[in-house]
Every structure is written in C-alpha cells, then in structure tokens.
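Below is run08.cif, holding mmCIF, C-alpha atoms and all ligand atoms.
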data_data
loop_
_atom_site.label_atom_id
_atom_site.label_comp_id
_atom_site.auth_asym_id
_atom_site.auth_seq_id
_atom_site.Cartn_x
_atom_site.Cartn_y
_atom_site.Cartn_z
CA MET C 112 119.49 -31.49 46.90
CA GLU C 113 116.89 -32.53 44.31
CA LYS C 114 117.28 -35.93 42.63
CA THR C 115 115.67 -37.39 39.51
CA PHE C 116 115.47 -40.76 37.81
CA LEU C 117 116.56 -40.85 34.16
CA MET C 118 116.80 -43.87 31.92
CA VAL C 119 118.22 -44.37 28.44
CA LYS C 120 115.62 -46.67 26.86
CA PRO C 121 116.50 -49.79 24.80
CA ASP C 122 116.58 -47.77 21.55
CA GLY C 123 119.25 -45.46 23.01
CA VAL C 124 121.37 -48.36 24.21
CA GLN C 125 121.13 -50.09 20.82
CA ARG C 126 121.93 -46.88 18.96
CA ASN C 127 125.10 -46.26 21.03
CA VAL C 128 124.09 -42.91 22.51
CA ILE C 129 124.39 -43.68 26.24
CA GLY C 130 127.60 -41.66 26.31
CA GLU C 131 126.17 -38.67 24.44
CA ILE C 132 123.14 -38.55 26.73
CA VAL C 133 125.24 -38.85 29.90
CA ALA C 134 127.57 -36.14 28.54
CA ARG C 135 124.69 -33.65 28.18
CA PHE C 136 123.78 -33.92 31.86
CA GLU C 137 127.42 -33.90 32.96
CA LYS C 138 128.19 -30.80 30.91
CA LYS C 139 125.07 -29.06 32.20
CA GLY C 140 126.59 -29.33 35.67
CA TYR C 141 124.48 -32.09 37.21
CA HIS C 142 125.90 -34.74 39.48
CA LEU C 143 125.59 -38.48 38.74
CA VAL C 144 124.92 -40.40 41.96
CA GLY C 145 123.83 -43.81 40.62
CA ALA C 146 123.85 -45.73 37.34
CA LYS C 147 123.46 -49.25 36.02
CA LEU C 148 122.87 -51.15 32.81
CA MET C 149 119.96 -53.50 33.41
CA GLN C 150 117.28 -55.61 31.81
CA ILE C 151 113.91 -54.57 33.27
CA PRO C 152 111.72 -57.48 34.44
CA THR C 153 108.11 -57.31 33.15
CA GLU C 154 106.66 -56.78 36.67
CA LEU C 155 108.92 -53.78 37.26
CA ALA C 156 108.02 -52.31 33.85
CA GLU C 157 104.31 -52.68 34.63
CA GLU C 158 104.75 -51.01 38.00
CA HIS C 159 106.93 -48.20 36.64
CA TYR C 160 104.40 -47.39 33.90
CA GLY C 161 101.37 -48.19 36.14
CA GLU C 162 99.70 -44.82 35.44
CA HIS C 163 99.34 -45.86 31.77
CA LYS C 164 97.73 -49.26 32.53
CA GLU C 165 94.46 -48.38 30.83
CA ARG C 166 96.04 -46.74 27.78
CA PRO C 167 95.89 -48.59 24.45
CA PHE C 168 99.69 -48.48 24.09
CA PHE C 169 100.44 -50.00 27.53
CA GLY C 170 101.24 -53.50 26.20
CA GLU C 171 103.48 -52.09 23.49
CA LEU C 172 105.22 -49.83 26.03
CA VAL C 173 105.98 -52.67 28.46
CA GLU C 174 107.12 -54.91 25.60
CA PHE C 175 109.47 -52.23 24.30
CA ILE C 176 111.00 -51.20 27.62
CA THR C 177 111.73 -54.87 28.43
CA SER C 178 113.02 -55.68 24.92
CA GLY C 179 116.69 -54.98 25.73
CA PRO C 180 118.93 -53.39 28.31
CA VAL C 181 118.31 -49.88 29.61
CA PHE C 182 120.76 -47.53 31.32
CA ALA C 183 119.16 -46.39 34.59
CA MET C 184 120.54 -43.33 36.36
CA VAL C 185 119.98 -41.02 39.30
CA TRP C 186 121.09 -37.40 38.85
CA GLU C 187 121.26 -34.70 41.46
CA GLY C 188 121.21 -30.90 41.25
CA GLU C 189 119.21 -27.72 41.60
CA ASN C 190 115.87 -28.03 39.71
CA VAL C 191 117.16 -31.20 38.07
CA ILE C 192 113.68 -32.76 37.70
CA LEU C 193 112.20 -29.99 35.56
CA THR C 194 115.42 -29.08 33.77
CA ALA C 195 116.08 -32.70 32.76
CA ARG C 196 112.53 -32.84 31.30
CA GLN C 197 113.30 -29.71 29.30
CA MET C 198 116.59 -31.21 28.11
CA MET C 199 114.70 -34.39 27.05
CA GLY C 200 112.10 -32.49 25.00
CA ALA C 201 108.43 -33.25 24.33
CA THR C 202 107.20 -36.85 24.70
CA ASN C 203 106.53 -37.09 20.95
CA PRO C 204 109.82 -36.43 19.12
CA LYS C 205 107.91 -34.73 16.31
CA ASP C 206 107.02 -31.98 18.78
CA ALA C 207 110.43 -31.92 20.51
CA ALA C 208 112.59 -28.88 19.83
CA SER C 209 115.96 -29.27 18.14
CA GLY C 210 118.67 -29.25 20.76
CA THR C 211 116.68 -31.53 23.05
CA ILE C 212 117.54 -35.24 23.31
CA ARG C 213 114.29 -36.41 21.72
CA GLY C 214 114.40 -33.58 19.17
CA ASP C 215 117.92 -34.53 18.12
CA PHE C 216 117.91 -38.32 18.35
CA ALA C 217 114.37 -39.71 18.02
CA VAL C 218 111.57 -39.90 15.45
CA THR C 219 108.60 -41.79 16.92
CA VAL C 220 106.78 -41.57 20.28
CA GLY C 221 107.16 -45.29 20.96
CA LYS C 222 110.96 -45.10 20.65
CA ASN C 223 111.73 -41.75 22.21
CA MET C 224 115.12 -42.60 23.68
CA ILE C 225 114.86 -41.44 27.30
CA HIS C 226 112.64 -41.51 30.38
CA GLY C 227 112.73 -38.84 33.07
CA SER C 228 110.66 -38.38 36.23
CA ASP C 229 107.99 -35.70 35.80
CA SER C 230 107.61 -34.56 39.44
CA ALA C 231 109.23 -34.82 42.86
CA GLU C 232 106.77 -37.59 43.78
CA SER C 233 107.54 -39.62 40.63
CA ALA C 234 111.27 -39.11 41.15
CA GLU C 235 111.11 -40.51 44.67
CA ARG C 236 108.92 -43.42 43.58
CA GLU C 237 111.02 -44.29 40.52
CA ILE C 238 114.39 -44.01 42.30
CA GLY C 239 112.97 -46.39 44.93
CA LEU C 240 111.74 -48.82 42.27
CA PHE C 241 115.06 -49.01 40.41
CA PHE C 242 117.76 -48.44 43.04
CA LYS C 243 118.56 -49.75 46.48
CA GLU C 244 119.76 -47.08 48.90
CA GLU C 245 123.29 -48.56 48.96
CA GLU C 246 123.54 -48.25 45.15
CA LEU C 247 123.46 -44.45 45.39
CA VAL C 248 126.67 -42.69 46.31
CA SER C 249 127.31 -39.37 47.94
CA TYR C 250 130.47 -37.50 46.95
CA GLU C 251 131.73 -34.00 46.35
CA LYS C 252 133.14 -32.51 43.18
CA THR C 253 135.19 -29.35 43.33
CA MET C 254 133.21 -28.20 40.26
CA ASN C 255 130.13 -27.70 42.45
CA ASN C 256 131.54 -24.35 43.51
CA TRP C 257 131.70 -23.27 39.87
CA VAL C 258 128.07 -24.21 39.18
CA ASN C 259 126.16 -23.08 42.27
P1 LIG V 1 107.01 -39.05 29.16
O1 LIG V 1 107.90 -40.25 28.90
O2 LIG V 1 107.42 -37.85 28.33
O3 LIG V 1 106.86 -38.75 30.62
P2 LIG V 1 104.35 -40.25 29.23
O4 LIG V 1 103.09 -39.56 28.80
O5 LIG V 1 104.53 -40.53 30.68
O6 LIG V 1 105.57 -39.43 28.62
O7 LIG V 1 104.39 -41.64 28.43
C1 LIG V 1 105.29 -42.64 28.77
C2 LIG V 1 105.88 -43.24 27.51
O8 LIG V 1 104.86 -43.91 26.81
C3 LIG V 1 106.41 -42.21 26.53
O9 LIG V 1 107.74 -41.81 26.80
C4 LIG V 1 106.31 -42.95 25.20
O10 LIG V 1 107.47 -43.73 24.93
C5 LIG V 1 105.14 -43.88 25.42
N1 LIG V 1 103.95 -43.37 24.72
C6 LIG V 1 103.23 -42.27 25.02
N2 LIG V 1 102.22 -42.10 24.16
C7 LIG V 1 102.32 -43.14 23.27
C8 LIG V 1 101.54 -43.54 22.15
O11 LIG V 1 100.55 -42.90 21.76
N3 LIG V 1 101.97 -44.66 21.49
C9 LIG V 1 103.06 -45.41 21.89
N4 LIG V 1 103.78 -45.06 22.95
C10 LIG V 1 103.43 -43.96 23.64
#
Represent the structure of the file as structure tokens.
Ligand code: IDP
Amino acid sequence: MEKTFLMVKPDGVQRNVIGEIVARFEKKGYHLVGAKLMQIPTELAEEHYGEHKERPFFGELVEFITSGPVFAMVWEGENVILTARQMMGATNPKDAASGTIRGDFAVTVGKNMIHGSDSAESAEREIGLFFKEEELVSYEKTMNNWVN
C-alpha cells in the first residue's frame, strides 16, 4: 500500500491546527502509521530541502522549518501521495483553492502550514529521513472494508 510523508510545519503547530489537519486525512479514509512531534535539527532540514539549496529562499526555509516543533507523520492508502497533495492545495496559499489546507488556513508561501511528499521517490526518501523502521506500525482497521 502506498505511503507518504506529511508534516505540519511550525506555523501549524503554533496555530493549534494539528488536530484539524490530522482529522482531514482520517476522515478521508487514510491510515496513520507513524507520527511524532519533533524539533528538526538544521542538518536534517538542509537534507530534506536539498533540492532547493540554490534557491534564494533556502536559508529562510531552513530557518523557518527549524524555528519550532513540527508534527511529522506517515500516512498510508490508495493514491495517498497525490491525493494528499491535492488536499494540501497549491504551494502558494494565494493560489490554493478553498477547501484545501493551504487555501483554508494559510496566507503566505513561506508559512504554508504543511509539507507533503510530491512523488513515490520523495515519499520513500523523506519517510527514511524522518522515521526509523520500528517507529512505523502496521495494524488493521475494520473501516478499511468500508473504504476500499
Ligand atoms: P511544496 O511544499 O508545495 O512541495 P516546494 O516547491 O517543494 O513546494 O517548496 C518547498 C517549500 O519552500 C514550500 O512549501 C514553501 O514553504 C517554501 N517556498 C517555496 N517558494 C518560496 C518562496 O518563493 N519564498 C519563500 N518560501 C518559499
């Protein structure tokens, strides 16, 4: 089953919307298999956002993501990578549709509330960066039969 890495960024933790964001994915029918509140070390932030190293906002991005705790999660389900991206909305909240997380909760691109893997390769890489294998759990919910 497909897995993705999602993270409520420091703005979401500070603004008390961890629960609302988790609830959206739970209600959709996805399956939470790992989660932790953590403070990201600078080296991990730089590695996670490595593809943006040359961008002018890289320093600001690393500074922001390490500025306070984040809520890191692994979610499982059919097409969860793409569907979670759709539920998050466009990177810049000004372009994000109402009803999406960024469209509903965020205003500026620098503080856009949530991160989500953008491909199967990124999901595998990011889950590996943030979680040890033993931190992910495997369990059944009877609801699975009502979703799939
Ligand atoms: P994504 O988070 O939707 O995948 P990416 O293009 O991978 O978007 O960018 C990573 C993060 O970098 C974004 O979520 C956003 O917070 C930040 N970012 C992107 N563009 C800018 C910018 O122009 N200024 C400041 N931050 C930016």
Distance of CA of Asp215 (chain C) from CA of Ser228 (chain C), expressed in Å to one decimal place: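 Answer for the CA of Ser228 (chain C) to CA of Asp215 (chain C) separation: 19.9 Å.
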Distance filter 10 Å around ligand LIG 1 (chain V), atoms: all atoms listed in the file, out as a PyMOL selection string: chain C and resi 120+159-163+166-173+175-176+196+199-204+213+219-230
Print the selection's residues with C-alpha atoms to a file, as an mmCIF file, in the coordinates of the input.
data_model
loop_
_atom_site.group_PDB
_atom_site.id
_atom_site.type_symbol
_atom_site.label_atom_id
_atom_site.label_comp_id
_atom_site.auth_asym_id
_atom_site.auth_seq_id
_atom_site.Cartn_x
_atom_site.Cartn_y
_atom_site.Cartn_z
ATOM 1 C CA LYS C 120 115.620 -46.670 26.860
ATOM 2 C CA HIS C 159 106.930 -48.200 36.640
ATOM 3 C CA TYR C 160 104.400 -47.390 33.900
ATOM 4 C CA GLY C 161 101.370 -48.190 36.140
ATOM 5 C CA GLU C 162 99.700 -44.820 35.440
ATOM 6 C CA HIS C 163 99.340 -45.860 31.770
ATOM 7 C CA ARG C 166 96.040 -46.740 27.780
ATOM 8 C CA PRO C 167 95.890 -48.590 24.450
ATOM 9 C CA PHE C 168 99.690 -48.480 24.090
ATOM 10 C CA PHE C 169 100.440 -50.000 27.530
ATOM 11 C CA GLY C 170 101.240 -53.500 26.200
ATOM 12 C CA GLU C 171 103.480 -52.090 23.490
ATOM 13 C CA LEU C 172 105.220 -49.830 26.030
ATOM 14 C CA VAL C 173 105.980 -52.670 28.460
ATOM 15 C CA PHE C 175 109.470 -52.230 24.300
ATOM 16 C CA ILE C 176 111.000 -51.200 27.620
ATOM 17 C CA ARG C 196 112.530 -32.840 31.300
ATOM 18 C CA MET C 199 114.700 -34.390 27.050
ATOM 19 C CA GLY C 200 112.100 -32.490 25.000
ATOM 20 C CA ALA C 201 108.430 -33.250 24.330
ATOM 21 C CA THR C 202 107.200 -36.850 24.700
ATOM 22 C CA ASN C 203 106.530 -37.090 20.950
ATOM 23 C CA PRO C 204 109.820 -36.430 19.120
ATOM 24 C CA ARG C 213 114.290 -36.410 21.720
ATOM 25 C CA THR C 219 108.600 -41.790 16.920
ATOM 26 C CA VAL C 220 106.780 -41.570 20.280
ATOM 27 C CA GLY C 221 107.160 -45.290 20.960
ATOM 28 C CA LYS C 222 110.960 -45.100 20.650
ATOM 29 C CA ASN C 223 111.730 -41.750 22.210
ATOM 30 C CA MET C 224 115.120 -42.600 23.680
ATOM 31 C CA ILE C 225 114.860 -41.440 27.300
ATOM 32 C CA HIS C 226 112.640 -41.510 30.380
ATOM 33 C CA GLY C 227 112.730 -38.840 33.070
ATOM 34 C CA SER C 228 110.660 -38.380 36.230
ATOM 35 C CA ASP C 229 107.990 -35.700 35.800
ATOM 36 C CA SER C 230 107.610 -34.560 39.440
#
Top pick for closest residue to Glu244 (chain C), considering C:Val144, C:Ala207, C:Met118, C:Met149 and counting all atoms listed in the file: C:Val144
Distance of CA of Thr211 (chain C) from CA of Met198 (chain C), expressed in Å to one decimal place: 5.1 Å
Counting all atoms listed in the file, select every polymer residue within 8 Å of (108.1, -54.5, 31.7) as defined in the file's coordinates, and provide the selection as a compact mmCIF listing (two decimals) with C-alpha atoms, in the coordinates of the input.
# COMPACT_ATOMS: atom_id res chain seq x y z
CA ILE C 151 113.91 -54.57 33.27
CA PRO C 152 111.72 -57.48 34.44
CA THR C 153 108.11 -57.31 33.15
CA GLU C 154 106.66 -56.78 36.67
CA LEU C 155 108.92 -53.78 37.26
CA ALA C 156 108.02 -52.31 33.85
CA GLU C 157 104.31 -52.68 34.63
CA GLU C 158 104.75 -51.01 38.00
CA LEU C 172 105.22 -49.83 26.03
CA VAL C 173 105.98 -52.67 28.46
CA GLU C 174 107.12 -54.91 25.60
CA PHE C 175 109.47 -52.23 24.30
CA ILE C 176 111.00 -51.20 27.62
CA THR C 177 111.73 -54.87 28.43
Which of C:Glu237, C:Gln150, C:Gly140, C:Asn127 sits closest to Ser178 (chain C) [using only C-alpha atoms]: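 Among the listed residues, the smallest separation from Ser178 (chain C) belongs to C:Gln150.
For the choices C:Ala146, C:Ile192, C:Ile238, C:Ala217, the atom-to-atom distance to Arg126 (chain C) is smallest for C:Ala217 when using all atoms listed in the file.
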Residue with smallest distance to Leu117 (chain C) - pool C:Ala231, C:Met184, C:Val191, C:Ala134, counting only C-alpha atoms: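 Under the stated criterion, the closest residue is C:Met184.
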Given all atoms listed in the file as the counted atoms, nearest of C:Pro121, C:Val248, C:Lys243, C:Gln197 to Gly179 (chain C):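 For Gly179 (chain C), the nearest of the given residues is C:Pro121.
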Local residues around (127.8, -23.5, 37.2), at most 12 Å away, using only C-alpha atoms, as an MDAnalysis selection string: chainID C and resid 137:142 188:189 253:259
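Atom pair CA of Ala183 (chain C) / CA of Phe241 (chain C): separated by 7.6 Å.
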Best match for closeness to Tyr250 (chain C) among C:Glu187, C:Phe116, C:Leu148, C:Val124, counting only C-alpha atoms: C:Glu187
